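Just upload18.txt here, compact mmCIF, C-alpha atoms:
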```
# COMPACT_ATOMS: atom_id res chain seq x y z
CA MET A 1 -28.22 19.17 18.72
CA ARG A 2 -29.48 17.34 15.68
CA ASN A 3 -26.95 19.15 13.48
CA GLY A 4 -24.17 18.18 15.85
CA LEU A 5 -25.19 14.53 15.78
CA LYS A 6 -25.45 14.62 12.01
CA TRP A 7 -21.94 16.08 11.82
CA VAL A 8 -20.54 13.34 14.10
CA VAL A 9 -22.17 10.60 12.01
CA THR A 10 -20.88 12.14 8.77
CA ALA A 11 -17.37 12.49 10.19
CA GLY A 12 -17.43 8.93 11.45
CA MET A 13 -18.51 7.59 8.06
CA PHE A 14 -15.77 9.62 6.37
CA ILE A 15 -13.09 8.28 8.73
CA LEU A 16 -14.36 4.72 8.18
CA LEU A 17 -14.26 5.20 4.42
CA VAL A 18 -10.69 6.53 4.54
CA ALA A 19 -9.63 3.60 6.75
CA MET A 20 -11.18 1.11 4.33
CA ILE A 21 -9.40 2.74 1.38
CA ILE A 22 -6.04 2.61 3.20
CA LEU A 23 -6.53 -1.03 4.20
CA GLY A 24 -7.60 -1.88 0.65
CA LEU A 25 -4.50 -0.24 -0.81
CA ARG A 26 -2.23 -2.04 1.64
CA TRP A 27 -3.91 -5.39 0.87
CA SER A 28 -3.53 -4.70 -2.85
CA GLU A 29 0.18 -3.89 -2.40
CA VAL A 30 0.76 -7.10 -0.42
CA LYS A 31 -1.20 -9.15 -2.98
CA THR A 32 0.70 -7.60 -5.88
CA SER A 33 4.03 -8.19 -4.16
CA THR A 34 3.14 -11.85 -3.46
CA ASN A 35 1.94 -12.42 -7.03
CA ARG A 36 5.14 -10.87 -8.40
CA ALA A 37 7.27 -13.12 -6.19
CA ILE A 38 5.33 -16.20 -7.34
CA PHE A 39 5.51 -15.22 -11.01
CA ASN A 40 9.27 -14.57 -10.86
CA SER A 41 10.09 -17.60 -8.71
CA LYS A 42 12.58 -20.15 -10.00
CA MET A 43 11.55 -22.72 -7.39
CA THR A 44 10.02 -25.92 -8.76
CA PRO A 45 9.29 -28.24 -5.83
CA THR A 46 8.43 -31.90 -6.16
CA ILE A 47 5.23 -32.49 -4.20
CA LEU A 48 4.46 -36.01 -3.01
CA ILE A 49 1.22 -37.52 -1.65
CA PRO A 50 1.33 -40.91 0.13
CA GLY A 51 -1.35 -43.58 -0.02
CA SER A 52 -3.89 -44.70 2.55
CA SER A 53 -2.67 -45.51 6.08
CA ALA A 54 0.63 -43.74 5.32
CA SER A 55 2.03 -40.78 7.24
CA GLN A 56 4.13 -37.78 6.28
CA ASN A 57 7.20 -40.01 6.72
CA ARG A 58 6.20 -42.36 3.87
CA PHE A 59 8.75 -40.99 1.41
CA ASP A 60 11.73 -40.64 3.76
CA GLY A 61 13.51 -43.60 2.15
CA LEU A 62 12.79 -42.35 -1.37
CA VAL A 63 14.05 -38.84 -0.63
CA LYS A 64 17.17 -40.29 0.99
CA GLU A 65 17.88 -42.21 -2.23
CA LEU A 66 17.17 -39.18 -4.42
CA ASN A 67 19.46 -37.03 -2.27
CA LYS A 68 22.48 -39.26 -2.80
CA GLY A 69 25.20 -37.49 -4.73
CA VAL A 70 25.64 -33.77 -5.22
CA ASN A 71 22.03 -32.69 -5.77
CA LYS A 72 20.70 -32.70 -2.20
CA HIS A 73 17.44 -30.92 -1.50
CA SER A 74 15.32 -29.94 1.48
CA LEU A 75 12.38 -31.99 2.71
CA LEU A 76 9.25 -30.32 4.06
CA LYS A 77 6.36 -32.33 5.51
CA VAL A 78 2.77 -31.21 5.93
CA THR A 79 0.01 -33.08 7.73
CA VAL A 80 -3.52 -31.79 7.21
CA LYS A 81 -5.95 -32.43 10.05
CA GLU A 82 -9.65 -33.06 9.56
CA THR A 83 -10.35 -29.54 10.81
CA GLY A 84 -8.23 -28.14 7.98
CA ALA A 85 -5.43 -27.14 10.37
CA MET A 86 -1.94 -27.99 9.16
CA THR A 87 1.33 -28.89 10.84
CA VAL A 88 4.57 -28.24 8.94
CA SER A 89 7.94 -29.79 9.78
CA GLY A 90 11.32 -29.52 8.12
CA LYS A 91 13.19 -26.49 6.87
CA LEU A 92 13.83 -25.10 3.41
CA ARG A 93 17.54 -24.48 2.89
CA ALA A 94 18.58 -21.11 1.51
CA ARG A 95 18.55 -20.96 -2.30
CA ASP A 96 17.14 -24.50 -2.61
CA GLN A 97 15.12 -24.26 -5.83
CA ALA A 98 13.96 -27.90 -5.96
CA PRO A 99 12.80 -29.03 -2.51
CA TYR A 100 10.64 -32.04 -1.74
CA MET A 101 7.27 -31.34 -0.13
CA VAL A 102 5.18 -34.19 1.28
CA VAL A 103 1.50 -33.62 2.04
CA ALA A 104 -0.18 -36.27 4.21
CA PHE A 105 -3.48 -36.43 6.07
CA GLU A 106 -4.50 -37.13 9.64
CA ASN A 107 -7.49 -39.00 8.20
CA ASN A 108 -5.59 -41.28 5.83
CA HIS A 109 -8.23 -43.97 5.47
CA ASP A 110 -9.16 -45.67 2.20
CA GLY A 111 -12.34 -45.21 0.15
CA TYR A 112 -13.68 -42.84 -2.49
CA ALA A 113 -15.50 -40.61 0.03
CA ASN A 114 -12.21 -40.07 1.84
CA ILE A 115 -10.29 -39.43 -1.38
CA LYS A 116 -12.71 -36.59 -2.13
CA LYS A 117 -12.05 -35.09 1.30
CA GLN A 118 -8.30 -35.55 0.98
CA ALA A 119 -8.24 -33.78 -2.41
CA ALA A 120 -10.06 -30.81 -0.86
CA TRP A 121 -7.62 -30.77 2.07
CA PHE A 122 -4.71 -31.03 -0.34
CA ASN A 123 -5.97 -28.02 -2.28
CA LYS A 124 -5.76 -25.95 0.91
CA ALA A 125 -2.30 -27.34 1.65
CA ILE A 126 -0.78 -26.54 -1.74
CA LEU A 127 -2.19 -23.00 -1.64
CA MET A 128 -0.65 -22.57 1.81
CA LEU A 129 2.70 -23.83 0.54
CA GLN A 130 2.55 -21.53 -2.48
CA LYS A 131 1.78 -18.51 -0.33
CA ARG A 132 4.60 -19.34 2.08
CA TYR A 133 7.30 -20.36 -0.41
CA HIS A 134 6.29 -18.44 -3.56
CA PHE A 135 6.41 -21.05 -6.31
CA ARG A 136 4.26 -21.52 -9.39
CA ARG A 137 5.69 -24.56 -11.18
CA PHE A 138 5.92 -27.98 -9.54
CA GLN A 139 6.22 -31.74 -10.20
CA ALA A 140 3.81 -34.26 -8.69
CA ILE A 141 4.26 -37.80 -7.36
CA GLY A 142 1.57 -39.98 -5.80
CA HIS A 143 1.92 -43.47 -4.38
CA SER A 144 -1.16 -45.73 -4.38
CA ASN A 145 -4.15 -43.59 -3.32
CA GLY A 146 -1.88 -40.58 -3.55
CA GLY A 147 -2.20 -40.81 -7.33
CA LEU A 148 -5.99 -40.86 -6.99
CA ILE A 149 -5.88 -37.75 -4.80
CA TRP A 150 -3.74 -36.01 -7.42
CA THR A 151 -6.21 -36.96 -10.14
CA ARG A 152 -9.20 -35.67 -8.15
CA TYR A 153 -7.31 -32.46 -7.34
CA LEU A 154 -6.34 -31.83 -10.97
CA GLU A 155 -9.90 -32.37 -12.17
CA GLN A 156 -11.68 -30.40 -9.45
CA TYR A 157 -9.37 -27.78 -7.94
CA TYR A 158 -6.30 -27.12 -10.09
CA GLN A 159 -6.16 -23.63 -11.63
CA ALA A 160 -3.57 -23.20 -14.38
CA GLU A 161 -3.64 -19.43 -13.85
CA GLU A 162 -2.28 -19.88 -10.32
CA LEU A 163 -0.13 -23.01 -10.55
CA GLN A 164 1.62 -25.00 -13.26
CA VAL A 165 2.24 -28.73 -12.91
CA ASN A 166 4.87 -30.07 -15.30
CA VAL A 167 4.69 -33.80 -14.75
CA LEU A 168 2.70 -36.29 -12.69
CA MET A 169 3.99 -39.74 -11.74
CA THR A 170 1.56 -42.17 -10.13
CA ILE A 171 3.01 -45.29 -8.51
CA GLY A 172 0.74 -48.33 -8.15
CA SER A 173 -2.42 -46.19 -8.16
CA PRO A 174 -5.64 -48.29 -8.22
CA TYR A 175 -7.87 -46.25 -10.53
CA ASN A 176 -10.58 -48.91 -10.36
CA PHE A 177 -9.83 -49.98 -6.79
CA ALA A 178 -9.87 -53.80 -6.51
CA GLU A 179 -11.80 -54.40 -9.75
CA LYS A 180 -10.04 -56.47 -12.39
CA SER A 181 -12.46 -55.78 -15.24
CA ILE A 182 -12.88 -52.40 -16.90
CA ASN A 183 -16.49 -53.43 -17.51
CA ASN A 184 -17.04 -53.10 -13.74
CA LYS A 185 -16.24 -49.43 -13.32
CA THR A 186 -16.29 -48.11 -9.76
CA GLN A 187 -18.02 -44.78 -9.19
CA MET A 188 -14.60 -43.21 -8.73
CA LEU A 189 -13.31 -44.37 -12.11
CA ALA A 190 -16.56 -43.33 -13.79
CA ASP A 191 -16.23 -39.85 -12.25
CA PHE A 192 -12.56 -39.55 -13.26
CA ILE A 193 -13.45 -40.41 -16.85
CA LYS A 194 -16.44 -38.05 -16.80
CA HIS A 195 -14.33 -35.07 -15.70
CA ARG A 196 -11.15 -35.89 -17.64
CA SER A 197 -11.59 -32.82 -19.86
CA SER A 198 -10.65 -30.70 -16.83
CA LEU A 199 -7.15 -32.19 -16.73
CA PRO A 200 -4.34 -29.87 -17.90
CA THR A 201 -3.72 -30.65 -21.56
CA ASP A 202 0.01 -29.83 -21.32
CA LEU A 203 0.61 -32.40 -18.57
CA THR A 204 3.01 -35.35 -18.89
CA VAL A 205 1.86 -38.42 -16.95
CA TYR A 206 3.83 -41.55 -16.03
CA SER A 207 1.85 -44.43 -14.53
CA ILE A 208 4.06 -46.99 -12.80
CA LEU A 209 2.76 -50.54 -12.49
CA GLY A 210 4.48 -52.98 -10.14
CA THR A 211 4.10 -56.71 -10.73
CA GLU A 212 4.98 -59.23 -8.06
CA THR A 213 2.81 -62.08 -9.38
CA TYR A 214 2.46 -60.99 -13.04
CA ASP A 215 -1.13 -59.83 -12.46
CA ASP A 216 -0.77 -57.56 -9.43
CA ASP A 217 1.76 -56.05 -7.02
CA GLY A 218 0.50 -58.05 -4.09
CA ILE A 219 -2.35 -55.61 -3.40
CA VAL A 220 -3.43 -53.65 -6.49
CA PRO A 221 -4.63 -55.56 -9.58
CA GLU A 222 -2.73 -54.81 -12.77
CA GLU A 223 -5.99 -53.99 -14.54
CA SER A 224 -6.82 -51.34 -11.95
CA VAL A 225 -3.57 -49.47 -12.57
CA GLU A 226 -4.03 -49.84 -16.33
CA ALA A 227 -7.49 -48.23 -16.04
CA GLY A 228 -5.64 -44.93 -15.75
CA LYS A 229 -5.30 -44.89 -19.53
CA TYR A 230 -9.05 -44.29 -19.85
CA ILE A 231 -8.55 -41.10 -17.84
CA PHE A 232 -5.35 -39.67 -19.26
CA GLN A 233 -4.88 -40.98 -22.81
CA LYS A 234 -5.78 -38.45 -25.54
CA GLN A 235 -6.43 -35.87 -22.81
CA VAL A 236 -2.99 -34.90 -21.49
CA ALA A 237 0.04 -34.13 -23.64
CA HIS A 238 1.83 -37.42 -22.91
CA TYR A 239 0.77 -40.57 -21.06
CA THR A 240 3.20 -43.44 -20.49
CA GLN A 241 2.65 -46.63 -18.53
CA ILE A 242 5.78 -48.35 -17.24
CA THR A 243 5.91 -51.82 -15.69
CA VAL A 244 8.39 -52.58 -12.91
CA THR A 245 9.20 -56.15 -11.88
CA GLY A 246 11.74 -57.94 -9.75
CA ASP A 247 12.94 -56.91 -6.30
CA ASP A 248 10.87 -54.33 -4.41
CA ALA A 249 7.97 -54.62 -6.89
CA GLN A 250 5.53 -55.33 -4.08
CA HIS A 251 3.02 -52.50 -3.56
CA SER A 252 4.37 -51.03 -0.33
CA ASP A 253 7.99 -51.32 -1.54
CA LEU A 254 7.48 -49.46 -4.82
CA PRO A 255 8.59 -45.98 -3.63
CA GLN A 256 12.01 -47.45 -2.74
CA ASN A 257 12.34 -49.54 -5.90
CA ASP A 258 15.66 -48.78 -7.62
CA GLN A 259 14.05 -48.66 -11.07
CA ILE A 260 11.42 -46.19 -9.86
CA VAL A 261 14.08 -44.03 -8.20
CA GLN A 262 15.85 -43.85 -11.57
CA LEU A 263 12.60 -43.09 -13.39
CA ILE A 264 11.92 -40.22 -10.99
CA GLN A 265 15.43 -38.86 -11.48
CA GLN A 266 15.16 -39.07 -15.27
CA ASN A 267 11.58 -37.99 -15.86
CA VAL A 268 10.25 -36.03 -12.88
CA LEU A 269 12.91 -34.02 -11.09
CA PRO A 270 13.98 -30.68 -12.59
CA LYS A 271 17.46 -30.81 -14.09
CA PRO A 272 20.20 -28.75 -12.41
CA MET A 273 20.79 -25.37 -14.00
CA GLY A 274 23.61 -25.55 -16.51
CA SER A 275 22.96 -29.17 -17.42
CA GLU A 276 22.68 -30.17 -21.05
CA LEU A 277 18.91 -30.65 -20.76
CA ASN A 278 18.47 -27.08 -19.54
CA ARG A 279 20.42 -25.49 -22.35
CA PRO A 280 18.38 -23.88 -25.12
CA LYS A 281 18.22 -25.79 -28.37
CA SER A 282 20.22 -24.31 -31.23
```
If you convert what's in this file into structure tokens, what do you get?
Amino acid sequence: MRNGLKWVVTAGMFILLVAMIILGLRWSEVKTSTNRAIFNSKMTPTILIPGSSASQNRFDGLVKELNKGVNKHSLLKVTVKETGAMTVSGKLRARDQAPYMVVAFENNHDGYANIKKQAAWFNKAILMLQKRYHFRRFQAIGHSNGGLIWTRYLEQYYQAEELQVNVLMTIGSPYNFAEKSINNKTQMLADFIKHRSSLPTDLTVYSILGTETYDDDGIVPEESVEAGKYIFQKQVAHYTQITVTGDDAQHSDLPQNDQIVQLIQQNVLPKPMGSELNRPKS
């Protein structure tokens, strides 16, 4: 009886071991196939994060402007809930290699504590998007607090082995919140400066400053946007600050500003295949 029980236990352990090996091999095959698809992908989406109090629809007007002409691209929208669950709307058109992907948050409130949470939620969202759509390279745009979320993400979560960001454009991002003096650093700015060495050194950054009253854009002080230089200068490959004035230079209007639309077209979006800028240099 004891021998029979021993045989049953041994057989059961053997069957379990074989099952684990088979499942492990299948998982490895799926993982390898996914990694190969990501590595070989030609897709380079432009991923946008809105600011506080803004929804996944924040960039509808901007995308409409960018889609004028012949180079029209898909728009996907993700909203991350506080539980980590995500809702995805929109559809990726077949063979669209440069879609727009907006990631917003159910909890879209202001404040450094929330920006930390939003960066963690965003990390889960971008990994979900990568797994679903198999891309490695991407461009980044953040309006207002969206630029702060990008900065936190790049310093704390970004892994160059898994993803490759080409360019980041922040639009009216208050790196020192409402402070007008760099001598009064907020905890957020101090942390950004402290961890700046974690930023990708091959990154190109454009910081857009809107001026409605010559010292702010109606909400964000000019000095707060300029504080970004203490984070990015001499750390990333290129850092450029650009000032936008005139019509639609007020903070909430900046994503629809004609000058900013042109700057995005010229400096952020991937150029169509076959264009002069995509041809190898002789």
task: Give the answer as one residue: which of A:Lys68, A:Arg136, A:His109, A:Lys194 has the shortest atom-to-atom distance to Tyr158 in chain A, using all atoms listed in the file?
output: A:Arg136
statement: Counting only C-alpha atoms, the residue among A:Ala227, A:Ile141, A:Leu17, A:Ile208 that lies closest to Phe192 in chain A is A:Ala227
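Once range 77-79 of chain A and its same-chain neighbours fewer than 4 positions away are set aside, Gln56, Met86, Thr87, Val88, Ser89, Met101, Val102, Val103, Ala104 and Phe105 of chain A remain within 6 Å of it when counting only C-alpha atoms.
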field: Two-atom distance - CA of Ala54 in chain A, CA of His251 in chain A (Å)
entry: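 CA of His251 in chain A lies at a distance of 12.7 Å from CA of Ala54 in chain A.
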task: Fewer than 3 positions away in the same chain doesn't count, so skip those; otherwise give me all residues within 9 Å of Leu75 in chain A, counting all atoms listed in the file, as a ChimeraX atom specification.
output: /A:60,63,89-92,99-102
- prompt: Interatomic distance between CA of Leu62 in chain A and CA of Ser207 in chain A?
  reply: 17.2 Å
I want to know what sits within 6 Å of Gly210 in chain A, based on all atoms listed in the file, with residues of the same chain fewer than 2 positions away left out; could you give that as an mmCIF file with C-alpha atoms, in the coordinates of the input?
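Final output, out.cif:
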```
data_model
loop_
_atom_site.group_PDB
_atom_site.id
_atom_site.type_symbol
_atom_site.label_atom_id
_atom_site.label_comp_id
_atom_site.auth_asym_id
_atom_site.auth_seq_id
_atom_site.Cartn_x
_atom_site.Cartn_y
_atom_site.Cartn_z
ATOM 1 C CA ASP A 217 1.760 -56.050 -7.020
ATOM 2 C CA THR A 243 5.910 -51.820 -15.690
ATOM 3 C CA VAL A 244 8.390 -52.580 -12.910
ATOM 4 C CA THR A 245 9.200 -56.150 -11.880
ATOM 5 C CA ALA A 249 7.970 -54.620 -6.890
#
```
task: May I ask which of the residues A:Asn107, A:Gln97, A:Gln256, A:Gln241 is the closest one to Arg58 in chain A, counting all atoms listed in the file?
output: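 Between A:Asn107, A:Gln97, A:Gln256, A:Gln241, the residue approaching Arg58 in chain A most closely is A:Gln256.
Here CA of Ser144 in chain A is placed at a distance of 22.5 Å from CA of Ala237 in chain A.
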Write out as a PDB file with C-alpha atoms, keeping the file's coordinate frame which residues come within 6 Å of range 115-124 of chain A when counting only C-alpha atoms, dropping same-chain ones fewer than 2 positions away.
```pdb
ATOM      1  CA  TYR A 112     -13.680 -42.840  -2.490  1.00  0.00           C
ATOM      2  CA  ALA A 113     -15.500 -40.610   0.030  1.00  0.00           C
ATOM      3  CA  ILE A 126      -0.780 -26.540  -1.740  1.00  0.00           C
ATOM      4  CA  LEU A 127      -2.190 -23.000  -1.640  1.00  0.00           C
ATOM      5  CA  ILE A 149      -5.880 -37.750  -4.800  1.00  0.00           C
ATOM      6  CA  TYR A 153      -7.310 -32.460  -7.340  1.00  0.00           C
TER       7      TYR A 153
END
```
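Closest approach to Arg137 in chain A among A:Ser181, A:Thr83, A:Gln265, A:Ser41 is made by A:Ser41 (distances from only C-alpha atoms).
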- prompt: From the set A:Pro255, A:Pro50, A:Gly246, A:Gly172, which residue has the shortest atom-to-atom contact distance to Asn108 in chain A, counting all atoms listed in the file?
  reply: A:Pro50
